[in-house]
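Asks: Contents are compact mmCIF, C-alpha atoms; file name entry.txt:
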# COMPACT_ATOMS: atom_id res chain seq x y z
CA MET A 1 -21.84 2.47 -16.59
CA GLY A 2 -18.80 0.26 -17.21
CA GLU A 3 -15.21 1.35 -16.75
CA LEU A 4 -14.46 1.19 -20.48
CA GLU A 5 -17.44 3.43 -21.25
CA ILE A 6 -16.24 5.89 -18.62
CA ILE A 7 -12.77 5.89 -20.20
CA GLU A 8 -14.26 6.48 -23.66
CA GLY A 9 -16.27 9.36 -22.18
CA ILE A 10 -13.13 10.90 -20.69
CA LYS A 11 -11.37 10.53 -24.03
CA ASN A 12 -14.16 12.69 -25.45
CA GLY A 13 -13.44 15.33 -22.80
CA ASP A 14 -16.18 14.55 -20.25
CA GLN A 15 -14.89 15.93 -16.94
CA LYS A 16 -17.90 14.61 -14.98
CA LEU A 17 -16.84 11.07 -15.81
CA PHE A 18 -13.28 11.90 -14.82
CA ARG A 19 -14.65 12.90 -11.41
CA LEU A 20 -15.92 9.31 -11.03
CA ILE A 21 -12.44 7.96 -11.74
CA VAL A 22 -10.91 10.35 -9.19
CA LYS A 23 -13.47 9.30 -6.59
CA GLU A 24 -12.94 5.61 -7.26
CA TYR A 25 -9.14 5.50 -7.27
CA GLN A 26 -7.91 8.46 -5.23
CA GLU A 27 -7.48 6.67 -1.89
CA PHE A 28 -5.74 3.79 -3.51
CA LEU A 29 -3.33 6.02 -5.50
CA LEU A 30 -2.74 8.28 -2.51
CA ASN A 31 -1.54 5.29 -0.48
CA ILE A 32 0.67 3.97 -3.30
CA CYS A 33 2.39 7.38 -3.50
CA TYR A 34 2.55 7.67 0.29
CA HIS A 35 4.26 4.31 0.66
CA PHE A 36 6.93 5.46 -1.76
CA VAL A 37 7.53 9.01 -0.55
CA HIS A 38 6.57 8.58 3.14
CA ASN A 39 5.16 12.09 3.42
CA GLU A 40 1.44 12.86 3.40
CA ASP A 41 1.63 16.28 1.71
CA ASP A 42 4.01 15.07 -0.98
CA ALA A 43 1.77 12.04 -1.53
CA LYS A 44 -1.30 14.29 -1.98
CA ASP A 45 0.53 16.49 -4.50
CA LEU A 46 1.76 13.43 -6.33
CA THR A 47 -1.75 11.94 -6.47
CA GLN A 48 -2.98 15.14 -8.11
CA ASP A 49 -0.13 14.92 -10.61
CA VAL A 50 -1.01 11.30 -11.30
CA PHE A 51 -4.63 12.23 -12.09
CA LEU A 52 -3.52 15.09 -14.34
CA GLU A 53 -1.21 12.71 -16.17
CA VAL A 54 -4.05 10.19 -16.47
CA TYR A 55 -6.34 12.82 -18.03
CA LYS A 56 -3.57 13.99 -20.36
CA SER A 57 -2.57 10.53 -21.58
CA ILE A 58 -5.91 8.72 -21.44
CA HIS A 59 -5.82 8.61 -25.26
CA ALA A 60 -2.76 6.39 -24.96
CA PHE A 61 -4.70 3.82 -22.91
CA ARG A 62 -5.70 1.12 -25.38
CA GLY A 63 -7.02 -1.41 -22.90
CA ASP A 64 -4.14 -3.91 -23.36
CA ALA A 65 -3.63 -3.92 -19.58
CA LYS A 66 -6.20 -3.38 -16.84
CA PHE A 67 -6.97 0.27 -16.16
CA LYS A 68 -5.96 -0.19 -12.52
CA THR A 69 -2.58 -1.62 -13.57
CA TRP A 70 -2.07 1.34 -15.90
CA LEU A 71 -2.85 3.71 -13.01
CA TYR A 72 -0.39 1.85 -10.76
CA ARG A 73 2.35 2.24 -13.33
CA ILE A 74 1.78 5.98 -13.62
CA ALA A 75 1.73 6.35 -9.81
CA VAL A 76 4.91 4.29 -9.34
CA ASN A 77 6.75 6.19 -12.10
CA LYS A 78 5.67 9.56 -10.74
CA SER A 79 6.74 8.56 -7.22
CA LEU A 80 10.13 7.30 -8.37
CA ASN A 81 10.73 10.48 -10.40
CA PHE A 82 9.81 12.53 -7.35
CA ILE A 83 12.27 10.60 -5.16
CA GLN A 84 14.98 11.04 -7.79
CA ARG A 85 14.37 14.80 -8.01
CA LYS A 86 14.36 15.03 -4.20
CA LYS A 87 17.71 13.21 -4.02
CA ILE A 88 19.23 15.60 -6.59
CA ARG A 89 17.83 18.62 -4.70
CA LYS A 90 19.27 17.25 -1.44
CA LEU A 91 22.63 16.76 -3.11
CA PHE A 92 22.67 20.42 -4.19
CA VAL A 93 21.61 21.56 -0.70
CA ASP A 94 24.39 19.42 0.84
CA MET A 95 26.95 20.83 -1.59
CA ASP A 96 25.77 24.35 -0.87
CA SER A 97 25.98 23.72 2.88
CA LEU A 98 29.45 22.18 2.45
CA PHE A 99 30.74 25.22 0.54
CA ARG A 100 29.21 27.69 2.98
CA THR A 101 29.95 26.10 6.33
CA GLY A 102 32.41 23.35 5.50
CA LYS A 103 29.93 20.81 6.94
CA ILE A 104 27.08 18.81 5.54
CA ASP A 105 23.75 19.31 7.29
CA THR A 106 23.10 15.93 8.88
CA CYS A 107 19.60 16.50 10.25
CA ASN A 108 18.46 13.26 8.61
CA ASN A 109 20.90 11.12 10.54
CA HIS A 110 19.00 10.20 13.66
CA SER A 111 20.79 8.66 16.57
CA PHE A 112 19.36 7.53 19.83
CA ASN A 113 20.49 6.68 23.29
CA ALA A 114 20.51 3.01 24.21
CA ASP A 115 18.53 3.76 27.36
CA LYS A 116 15.87 5.72 25.53
CA THR A 117 12.68 3.96 24.53
CA ILE A 118 12.12 3.96 20.81
CA HIS A 119 8.57 4.70 19.81
CA ASP A 120 6.77 3.21 16.85
CA ASN A 121 6.77 6.43 14.87
CA GLU A 122 10.57 6.55 15.18
CA ARG A 123 10.81 2.91 14.20
CA SER A 124 8.67 3.53 11.14
CA ARG A 125 10.98 6.40 10.20
CA TYR A 126 13.97 4.06 10.40
CA LEU A 127 12.05 1.47 8.42
CA TYR A 128 11.25 3.98 5.65
CA GLN A 129 14.88 5.13 5.60
CA ALA A 130 15.97 1.52 5.18
CA ILE A 131 13.41 1.03 2.39
CA ASP A 132 14.88 4.10 0.65
CA TYR A 133 18.22 2.28 0.44
CA LEU A 134 16.77 -0.65 -1.52
CA SER A 135 17.40 -0.88 -5.25
CA GLN A 136 14.59 0.49 -7.43
CA ASN A 137 13.10 -2.88 -8.45
CA GLN A 138 13.33 -4.31 -4.93
CA ARG A 139 11.71 -1.19 -3.59
CA ILE A 140 8.79 -1.28 -6.05
CA ALA A 141 8.09 -4.98 -5.43
CA PHE A 142 8.52 -4.72 -1.66
CA SER A 143 6.39 -1.58 -1.26
CA LEU A 144 3.57 -2.87 -3.45
CA HIS A 145 3.48 -6.20 -1.61
CA HIS A 146 4.13 -5.30 2.02
CA LEU A 147 2.76 -1.77 2.19
CA ASP A 148 -0.08 -1.94 -0.34
CA GLY A 149 -0.91 -5.60 0.18
CA MET A 150 -0.80 -6.43 -3.51
CA PRO A 151 -0.55 -10.07 -4.65
CA TYR A 152 2.54 -11.25 -6.56
CA SER A 153 0.58 -11.71 -9.79
CA GLN A 154 -0.54 -8.08 -9.87
CA ILE A 155 2.98 -6.83 -9.09
CA ALA A 156 4.27 -9.01 -11.93
CA ASP A 157 1.72 -7.33 -14.27
CA ILE A 158 2.75 -3.84 -13.17
CA MET A 159 6.48 -4.49 -13.37
CA ASN A 160 6.21 -6.60 -16.52
CA ILE A 161 8.22 -9.47 -14.99
CA SER A 162 7.46 -13.07 -13.99
CA ILE A 163 5.89 -14.00 -10.65
CA SER A 164 9.04 -15.89 -9.60
CA SER A 165 11.11 -12.74 -10.24
CA VAL A 166 8.72 -10.80 -8.00
CA GLU A 167 9.09 -13.43 -5.27
CA SER A 168 12.86 -13.27 -5.54
CA LEU A 169 12.88 -9.44 -5.47
CA ILE A 170 10.70 -9.35 -2.36
CA HIS A 171 12.78 -11.98 -0.59
CA ARG A 172 16.03 -10.11 -1.33
CA ALA A 173 14.43 -6.80 -0.37
CA LYS A 174 13.35 -8.17 3.01
CA SER A 175 16.79 -9.59 3.67
CA ASN A 176 18.51 -6.31 2.67
CA LEU A 177 16.09 -4.36 4.81
CA GLN A 178 16.90 -6.47 7.87
CA LYS A 179 20.63 -6.11 7.22
CA ARG A 180 20.22 -2.35 6.99
CA LEU A 181 18.23 -2.21 10.22
CA ILE A 182 20.70 -4.45 12.06
CA HIS A 183 23.53 -2.20 10.88
CA PHE A 184 21.59 0.91 11.89
CA TYR A 185 20.65 -0.27 15.40
CA LYS A 186 24.11 -1.76 15.99
CA LYS A 187 25.75 1.54 15.04
CA ASN A 188 23.46 3.62 17.20
CA MET A 189 23.55 1.37 20.25
CA ASP A 190 27.35 1.12 20.40
CA MET B 1 30.04 -16.68 21.10
CA ILE B 2 31.16 -13.09 20.71
CA CYS B 3 28.89 -10.22 19.59
CA LYS B 4 30.67 -9.78 16.25
CA GLU B 5 29.90 -13.38 15.25
CA VAL B 6 26.31 -12.98 16.41
CA HIS B 7 25.86 -9.85 14.26
CA LYS B 8 26.97 -11.79 11.20
CA LYS B 9 24.32 -14.45 11.85
CA PHE B 10 21.51 -12.05 12.77
CA ASN B 11 19.96 -12.05 9.33
CA SER B 12 19.85 -15.81 8.91
CA TYR B 13 18.44 -16.08 12.44
CA LEU B 14 15.65 -13.64 11.59
CA ASN B 15 14.96 -15.39 8.26
CA GLN B 16 14.97 -18.74 10.10
CA THR B 17 17.53 -20.15 7.70
CA ILE B 18 20.05 -20.96 10.43
CA ASP B 19 20.77 -24.53 11.55
CA LYS B 20 19.56 -25.70 14.97
CA LYS B 21 23.02 -25.82 16.54
CA HIS B 22 23.82 -22.18 15.74
CA LYS B 23 20.31 -21.11 16.59
CA ARG B 24 20.72 -22.52 20.09
CA LYS B 25 24.08 -20.77 20.49
CA LEU B 26 22.59 -17.45 19.39
CA GLU B 27 19.65 -17.80 21.76
CA LEU B 28 22.03 -18.45 24.64
CA HIS B 29 23.99 -15.36 23.67
CA PHE B 30 20.82 -13.23 23.53
CA GLN B 31 20.01 -14.29 27.10
CA ASP B 32 23.35 -12.96 28.35
CA CYS B 33 24.01 -9.98 26.08
CA THR B 34 21.57 -7.09 26.57
CA SER B 35 23.00 -5.12 23.62
CA CYS B 36 22.48 -7.92 21.08
CA ASN B 37 19.12 -8.73 22.61
CA ARG B 38 18.08 -5.10 22.23
CA ILE B 39 19.18 -4.97 18.58
CA LEU B 40 17.26 -8.17 17.87
CA SER B 41 14.07 -6.95 19.53
CA GLU B 42 14.29 -3.54 17.79
CA VAL B 43 14.77 -5.11 14.37
CA LYS B 44 11.84 -7.46 15.06
CA SER B 45 9.63 -4.60 16.27
CA THR B 46 10.54 -2.49 13.25
CA MET B 47 9.84 -5.31 10.81
CA ASN B 48 6.54 -6.00 12.59
CA LEU B 49 5.43 -2.49 11.66
CA LEU B 50 4.99 -3.84 8.13
CA GLU B 51 1.94 -5.69 9.44
CA ARG B 52 0.37 -2.42 10.65
CA VAL B 53 0.86 -0.13 7.69
CA GLU B 54 -0.51 3.38 7.96
CA ILE B 55 -3.35 3.94 5.49
CA LEU B 56 -4.31 7.47 4.46
CA SER B 57 -7.95 8.24 3.88
CA ALA B 58 -9.29 9.89 0.75
CA ASP B 59 -9.38 13.66 0.44
CA PRO B 60 -13.04 14.70 -0.22
CA PHE B 61 -11.85 17.81 -2.07
CA MET B 62 -9.39 16.07 -4.34
CA PHE B 63 -11.36 16.67 -7.54
CA THR B 64 -12.03 20.31 -6.55
CA ARG B 65 -8.26 20.74 -6.23
CA ILE B 66 -7.56 18.99 -9.50
CA GLN B 67 -10.22 20.78 -11.58
CA PRO B 68 -8.48 24.19 -11.98
CA LYS B 69 -5.22 22.44 -12.91
CA LEU B 70 -7.14 20.29 -15.35
CA GLU B 71 -8.68 23.33 -17.03
CA ALA B 72 -5.31 25.09 -17.09
CA GLN B 73 -3.88 21.99 -18.74
CA ILE B 74 -6.62 22.00 -21.39
CA ASP B 75 -6.05 25.75 -22.04
CA LYS B 76 -2.33 25.16 -22.22
CA SER B 77 -2.74 22.43 -24.82
CA LYS B 78 -4.98 24.74 -26.87
CA GLN B 79 -2.40 27.51 -26.60
CA THR B 80 0.35 25.10 -27.64
CA LEU B 81 -1.71 24.15 -30.70
CA GLN B 82 -2.21 27.82 -31.52
CA LYS B 83 1.49 28.50 -31.03
CA ILE B 84 2.28 25.84 -33.61
CA LEU B 85 -0.58 26.64 -36.01
CA HIS B 86 -0.02 30.42 -36.22
CA PRO B 87 3.52 30.36 -37.64
CA VAL B 88 2.65 27.43 -39.94
CA VAL B 89 -0.34 29.26 -41.44
CA LEU B 90 1.61 32.51 -41.77
CA THR B 91 4.50 30.74 -43.51
CA LEU B 92 2.09 29.03 -45.90
CA ILE B 93 0.43 32.36 -46.76
CA LEU B 94 3.85 33.94 -47.31
CA LEU B 95 5.01 31.11 -49.56
CA LEU B 96 1.75 31.16 -51.49
CA SER B 97 1.97 34.90 -52.10
CA LEU B 98 5.62 34.51 -53.09
CA PHE B 99 4.74 31.87 -55.69
CA ILE B 100 1.82 33.91 -57.02
CA GLY B 101 4.12 36.94 -57.24
CA ILE B 102 6.85 35.02 -59.07
CA GLY B 103 4.31 33.43 -61.42
CA LEU B 104 2.61 36.68 -62.35
CA GLY B 105 5.90 38.57 -62.55
CA SER B 106 7.56 36.09 -64.92
CA LYS B 107 4.49 36.03 -67.16
CA TYR B 108 4.44 39.82 -67.44
CA HIS B 109 8.23 40.01 -67.86
CA ASN B 110 8.23 37.56 -70.81
CA ASN B 111 5.41 39.23 -72.72
CA SER B 112 5.98 42.93 -72.15
CA ASN B 113 9.82 43.15 -72.10
CA GLN B 114 10.35 40.97 -75.12
CA ASN B 115 7.74 42.88 -77.15
CA ASP B 116 9.26 46.26 -76.19
CA LEU B 117 12.75 45.19 -77.20
CA LYS B 118 11.46 43.66 -80.42
CA ASN B 119 9.90 46.98 -81.33
CA ILE B 120 13.12 48.92 -80.60
CA ILE B 121 15.60 46.73 -82.46
CA GLY B 122 13.21 45.29 -85.03
CA LYS B 123 14.70 41.84 -84.66
CA GLU B 124 13.60 38.60 -83.12
CA LEU B 125 14.98 38.39 -79.67
CA ASP B 126 17.35 35.68 -78.82
CA ASP B 127 19.40 34.90 -75.74
CA GLU B 128 22.45 36.63 -77.18
CA LEU B 129 20.75 40.00 -76.97
CA TYR B 130 20.73 39.87 -73.26
CA PHE B 131 24.47 39.32 -73.12
CA ASN B 132 25.59 41.52 -76.01
CA ALA B 133 22.92 44.15 -76.59
CA LEU B 134 25.42 46.75 -77.99
CA ALA B 135 26.19 44.56 -81.02
CA TYR B 136 22.62 45.01 -82.18
CA ASP B 137 22.10 48.59 -81.20
CA SER B 138 25.22 50.54 -80.17
CA ILE B 139 24.90 53.83 -78.36
CA GLU B 140 26.45 55.79 -81.23
CA SER B 141 24.13 54.50 -83.93
CA PHE B 142 21.21 55.10 -81.68
CA LEU B 143 22.31 58.76 -81.25
CA LEU B 144 22.79 59.22 -85.01
CA THR B 145 19.39 57.93 -85.89
CA GLU B 146 17.88 60.37 -83.46
Can you present the structure in this file as structure tokens?
Replies:
Amino acid sequence: MGELEIIEGIKNGDQKLFRLIVKEYQEFLLNICYHFVHNEDDAKDLTQDVFLEVYKSIHAFRGDAKFKTWLYRIAVNKSLNFIQRKKIRKLFVDMDSLFRTGKIDTCNNHSFNADKTIHDNERSRYLYQAIDYLSQNQRIAFSLHHLDGMPYSQIADIMNISISSVESLIHRAKSNLQKRLIHFYKKNMD
Amino acid sequence: MICKEVHKKFNSYLNQTIDKKHKRKLELHFQDCTSCNRILSEVKSTMNLLERVEILSADPFMFTRIQPKLEAQIDKSKQTLQKILHPVVLTLILLLSLFIGIGLGSKYHNNSNQNDLKNIIGKELDDELYFNALAYDSIESFLLTE
């Protein structure tokens, strides 16, 4: 059974066919979400939300783009919305903490001793923090290319921009990421 | 070369966009300065993590988890449709009954009222009667005829 037939079946309310779509794309969507939110549980919840959104708006899929590209777009949008909501929630928590104690809870600011060995899981945390500082477009392009191993052409399809723009975004993202890491390590080693 | 200058050139060194002369100077500095050397190696190690990205494996119960939410979503959309349809249908019935009522009422009013008044005053009814009924049939004359 072809993908288009499966989609038509889902449009007619066939949940068994939707199960095939979930089986086929869940790992791939889970990793897209994970590389944006950097938390396994959040990524799993987001993947469920993505599939629910897919089922809800499958009627809107007209086949102009590839189904996989359409799925990517939903996953990226959901992830970015989640990050935005999380930032707003954190802002309220910080404000609440500031009003209550006069201090902002800084548990996210990790510092380390210059003598201490930094392990890879710590490094990856710093890397993800640095990625979080990138602008939205740089972040999408960089994550899809470096973390999900997607080619420039596919990223261009998803983001609706030219391949050269994708190249430029990724180059600037990498440079900004290095600057952020240099700044971070310099600050914490002084 | 002092550390501050080196920090400024770190990025171009890592991107390999630095000229040979400065590259040599930086490398000499890295040999002597443990702090700058450490920053450089940490940044390199962190960036190298991009080559070994963590991949999560699929959850075998994903669809089982989604299914109840999916059904709830379908029920919710049905309920939403009902929520919209109920008031619309009720309003239509109300309007329809209102129009039927007005239609029937005006038909009855024209026939029966006009005939009754025509019998009482013995004249053809015109619009004036409604505004000046006493001119046709005053209270006094009505009492005298009784």
Asks: How far is it from atom CA of Lys44 of chain A to atom CA of Val76 of chain A, in Å with one decimal?
Replies: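 Atom CA of Val76 of chain A lies at a distance of 13.9 Å from atom CA of Lys44 of chain A.
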Asks: Compare A:Leu4, A:Leu91, A:Ile163, A:Leu177 by their minimum atom-to-atom distance to chain B, counting only C-alpha atoms, and give me the closest one.
Replies: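 Looking at the shortest contact to chain B, the residue is A:Leu177.
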Asks: Would you kindly identify which residues have an atom no farther than 12 Å from (-1.0, 16.3, 2.5), using all atoms listed in the file and the file's own coordinates, and write them out as a ChimeraX atom specification?
Replies: /A:30-31,33-34,37-48 /B:56-59,61-62
Asks: Leaving out segment 5-20 of chain B and any residue of its chain fewer than 4 positions from it, which residues lie within 7 Å of it when counting all atoms listed in the file, given as a PyMOL selection string?
Replies: (chain A and resi 175+178-179) or (chain B and resi 1+24+26)
Asks: List the neighbours of Thr64 of chain B out to 12 Å using all atoms listed in the file; skip same-chain residues closer than 5 positions along the sequence, and give me the result as a short mmCIF file (atom, residue, chain, number, x, y, z; two decimals) with C-alpha atoms, keeping the file's coordinate frame.
Replies:
data_model
loop_
_atom_site.label_atom_id
_atom_site.label_comp_id
_atom_site.auth_asym_id
_atom_site.auth_seq_id
_atom_site.Cartn_x
_atom_site.Cartn_y
_atom_site.Cartn_z
CA GLN A 15 -14.89 15.93 -16.94
CA LYS A 16 -17.90 14.61 -14.98
CA PHE A 18 -13.28 11.90 -14.82
CA ARG A 19 -14.65 12.90 -11.41
CA VAL A 22 -10.91 10.35 -9.19
CA LYS A 23 -13.47 9.30 -6.59
CA GLN A 48 -2.98 15.14 -8.11
CA ASP B 59 -9.38 13.66 0.44
CA LYS B 69 -5.22 22.44 -12.91
CA LEU B 70 -7.14 20.29 -15.35
CA GLU B 71 -8.68 23.33 -17.03
#
Asks: Output as an MDAnalysis selection string the set of chain A residues within 6 Å of chain B, with distances taken over all atoms listed in the file.
Replies: chainID A and resid 27 123 185
Asks: Quick one: write out the picked residues with C-alpha atoms as a PDB file, in the frame of the given file?
Replies:
ATOM      1  CA  GLU A  27      -7.480   6.670  -1.890  1.00  0.00           C
ATOM      2  CA  ARG A 123      10.810   2.910  14.200  1.00  0.00           C
ATOM      3  CA  TYR A 185      20.650  -0.270  15.400  1.00  0.00           C
TER       4      TYR A 185
END
Asks: How many Å lie between atom CA of Asn137 of chain A and atom CA of Met159 of chain A, rounded to one decimal?
Replies: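 These two atoms are separated by 8.4 Å.
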Asks: Could you jot down the atom CA of Leu98 of chain A to atom CA of Leu134 of chain A separation for me, Å, one decimal place?
Replies: 26.4 Å
Asks: Counting all atoms listed in the file, I want the residues whose atoms come within 10 Å of (-5.8, 11.5, -22.7) in the file frame, returned as a list in words.
Replies: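 Protein, DNA and RNA residues close to (-5.8, 11.5, -22.7): Ile7, Glu8, Ile10, Lys11, Asn12, Gly13, Leu52, Glu53, Val54, Tyr55, Lys56, Ser57, Ile58, His59, Ala60 and Phe61 of chain A.
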Asks: Env of Tyr133 of chain A: 10 Å cut, atoms = all atoms listed in the file, seq-sep filter 4 positions within chain, self excluded. Answer as a VMD selection string.
Replies: chain A and resid 128 to 129 138 to 139 173 176 to 177 180
Asks: Restricting the calculation to all atoms listed in the file, which member of A:Gln136, A:Leu80, A:Ile155, A:Leu17 is positioned closest to Met1 of chain A?
Replies: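 Nearest candidate to Met1 of chain A out of A:Gln136, A:Leu80, A:Ile155, A:Leu17: A:Leu17.
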Asks: Restricting the calculation to all atoms listed in the file, which member of A:Ile74, A:Ala65, A:Leu169, A:Leu181 is positioned closest to Gln154 of chain A?
Replies: A:Ala65
Asks: Taking only C-alpha atoms, show segment 7-96 of chain B of the given structure as a PDB file, in the first residue's frame.
Replies:
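Okay, this is what ended up in out_9.pdb:
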ATOM      1  CA  HIS B   7      40.558  34.893  22.705  1.00  0.00           C
ATOM      2  CA  LYS B   8      39.585  37.314  19.955  1.00  0.00           C
ATOM      3  CA  LYS B   9      41.168  35.072  17.327  1.00  0.00           C
ATOM      4  CA  PHE B  10      39.890  31.775  18.738  1.00  0.00           C
ATOM      5  CA  ASN B  11      36.929  31.574  16.408  1.00  0.00           C
ATOM      6  CA  SER B  12      38.852  32.216  13.212  1.00  0.00           C
ATOM      7  CA  TYR B  13      41.474  29.710  14.373  1.00  0.00           C
ATOM      8  CA  LEU B  14      38.793  27.050  14.891  1.00  0.00           C
ATOM      9  CA  ASN B  15      37.149  27.881  11.544  1.00  0.00           C
ATOM     10  CA  GLN B  16      40.601  27.765   9.893  1.00  0.00           C
ATOM     11  CA  THR B  17      40.090  31.205   8.400  1.00  0.00           C
ATOM     12  CA  ILE B  18      43.177  32.682  10.052  1.00  0.00           C
ATOM     13  CA  ASP B  19      46.339  33.507   8.099  1.00  0.00           C
ATOM     14  CA  LYS B  20      49.459  31.362   8.567  1.00  0.00           C
ATOM     15  CA  LYS B  21      51.413  34.016  10.474  1.00  0.00           C
ATOM     16  CA  HIS B  22      48.745  34.454  13.162  1.00  0.00           C
ATOM     17  CA  LYS B  23      48.085  30.752  13.258  1.00  0.00           C
ATOM     18  CA  ARG B  24      51.720  30.104  14.129  1.00  0.00           C
ATOM     19  CA  LYS B  25      51.622  32.783  16.850  1.00  0.00           C
ATOM     20  CA  LEU B  26      48.474  31.267  18.359  1.00  0.00           C
ATOM     21  CA  GLU B  27      49.953  27.777  18.334  1.00  0.00           C
ATOM     22  CA  LEU B  28      53.033  29.043  20.147  1.00  0.00           C
ATOM     23  CA  HIS B  29      50.791  30.703  22.710  1.00  0.00           C
ATOM     24  CA  PHE B  30      48.791  27.492  23.226  1.00  0.00           C
ATOM     25  CA  GLN B  31      52.035  25.648  24.000  1.00  0.00           C
ATOM     26  CA  ASP B  32      52.841  28.068  26.820  1.00  0.00           C
ATOM     27  CA  CYS B  33      49.414  29.008  28.179  1.00  0.00           C
ATOM     28  CA  THR B  34      47.575  26.123  29.875  1.00  0.00           C
ATOM     29  CA  SER B  35      44.383  28.175  30.350  1.00  0.00           C
ATOM     30  CA  CYS B  36      44.004  29.053  26.654  1.00  0.00           C
ATOM     31  CA  ASN B  37      45.023  25.539  25.686  1.00  0.00           C
ATOM     32  CA  ARG B  38      42.340  24.142  27.971  1.00  0.00           C
ATOM     33  CA  ILE B  39      39.650  26.432  26.525  1.00  0.00           C
ATOM     34  CA  LEU B  40      40.663  25.427  23.011  1.00  0.00           C
ATOM     35  CA  SER B  41      40.589  21.704  23.748  1.00  0.00           C
ATOM     36  CA  GLU B  42      37.230  21.985  25.573  1.00  0.00           C
ATOM     37  CA  VAL B  43      35.624  23.892  22.711  1.00  0.00           C
ATOM     38  CA  LYS B  44      37.006  21.325  20.254  1.00  0.00           C
ATOM     39  CA  SER B  45      35.786  18.399  22.368  1.00  0.00           C
ATOM     40  CA  THR B  46      32.354  19.972  22.747  1.00  0.00           C
ATOM     41  CA  MET B  47      32.037  20.653  19.027  1.00  0.00           C
ATOM     42  CA  ASN B  48      33.191  17.089  18.301  1.00  0.00           C
ATOM     43  CA  LEU B  49      30.133  15.843  20.176  1.00  0.00           C
ATOM     44  CA  LEU B  50      28.135  16.902  17.127  1.00  0.00           C
ATOM     45  CA  GLU B  51      29.670  13.923  15.334  1.00  0.00           C
ATOM     46  CA  ARG B  52      28.326  11.534  17.989  1.00  0.00           C
ATOM     47  CA  VAL B  53      24.752  12.668  18.391  1.00  0.00           C
ATOM     48  CA  GLU B  54      22.568  10.749  20.814  1.00  0.00           C
ATOM     49  CA  ILE B  55      19.770   8.927  18.993  1.00  0.00           C
ATOM     50  CA  LEU B  56      16.661   7.843  20.887  1.00  0.00           C
ATOM     51  CA  SER B  57      15.039   4.579  19.951  1.00  0.00           C
ATOM     52  CA  ALA B  58      11.364   4.195  19.146  1.00  0.00           C
ATOM     53  CA  ASP B  59       8.829   3.625  21.894  1.00  0.00           C
ATOM     54  CA  PRO B  60       6.976   0.326  21.123  1.00  0.00           C
ATOM     55  CA  PHE B  61       3.902   1.584  22.986  1.00  0.00           C
ATOM     56  CA  MET B  62       3.677   4.935  21.262  1.00  0.00           C
ATOM     57  CA  PHE B  63       0.453   4.165  19.386  1.00  0.00           C
ATOM     58  CA  THR B  64      -1.110   2.615  22.521  1.00  0.00           C
ATOM     59  CA  ARG B  65      -0.389   5.897  24.303  1.00  0.00           C
ATOM     60  CA  ILE B  66      -1.723   7.988  21.450  1.00  0.00           C
ATOM     61  CA  GLN B  67      -4.926   5.999  20.865  1.00  0.00           C
ATOM     62  CA  PRO B  68      -6.960   7.200  23.900  1.00  0.00           C
ATOM     63  CA  LYS B  69      -5.982  10.805  23.151  1.00  0.00           C
ATOM     64  CA  LEU B  70      -6.948  10.254  19.539  1.00  0.00           C
ATOM     65  CA  GLU B  71     -10.376   8.952  20.512  1.00  0.00           C
ATOM     66  CA  ALA B  72     -10.831  11.788  22.992  1.00  0.00           C
ATOM     67  CA  GLN B  73      -9.957  14.190  20.188  1.00  0.00           C
ATOM     68  CA  ILE B  74     -12.553  12.609  17.879  1.00  0.00           C
ATOM     69  CA  ASP B  75     -15.203  12.766  20.659  1.00  0.00           C
ATOM     70  CA  LYS B  76     -14.264  16.351  21.358  1.00  0.00           C
ATOM     71  CA  SER B  77     -14.708  17.333  17.722  1.00  0.00           C
ATOM     72  CA  LYS B  78     -18.118  15.631  17.693  1.00  0.00           C
ATOM     73  CA  GLN B  79     -19.080  17.476  20.877  1.00  0.00           C
ATOM     74  CA  THR B  80     -17.894  20.757  19.371  1.00  0.00           C
ATOM     75  CA  LEU B  81     -20.089  20.103  16.331  1.00  0.00           C
ATOM     76  CA  GLN B  82     -23.035  19.350  18.601  1.00  0.00           C
ATOM     77  CA  LYS B  83     -22.346  22.475  20.640  1.00  0.00           C
ATOM     78  CA  ILE B  84     -22.585  24.541  17.470  1.00  0.00           C
ATOM     79  CA  LEU B  85     -25.476  22.635  15.872  1.00  0.00           C
ATOM     80  CA  HIS B  86     -27.810  22.629  18.903  1.00  0.00           C
ATOM     81  CA  PRO B  87     -28.190  26.398  19.304  1.00  0.00           C
ATOM     82  CA  VAL B  88     -28.362  26.887  15.518  1.00  0.00           C
ATOM     83  CA  VAL B  89     -31.211  24.370  15.144  1.00  0.00           C
ATOM     84  CA  LEU B  90     -33.048  25.775  18.170  1.00  0.00           C
ATOM     85  CA  THR B  91     -32.758  29.333  16.852  1.00  0.00           C
ATOM     86  CA  LEU B  92     -34.044  28.235  13.450  1.00  0.00           C
ATOM     87  CA  ILE B  93     -37.047  26.485  15.035  1.00  0.00           C
ATOM     88  CA  LEU B  94     -37.758  29.572  17.139  1.00  0.00           C
ATOM     89  CA  LEU B  95     -37.565  31.901  14.140  1.00  0.00           C
ATOM     90  CA  LEU B  96     -39.721  29.573  12.063  1.00  0.00           C
TER      91      LEU B  96
END
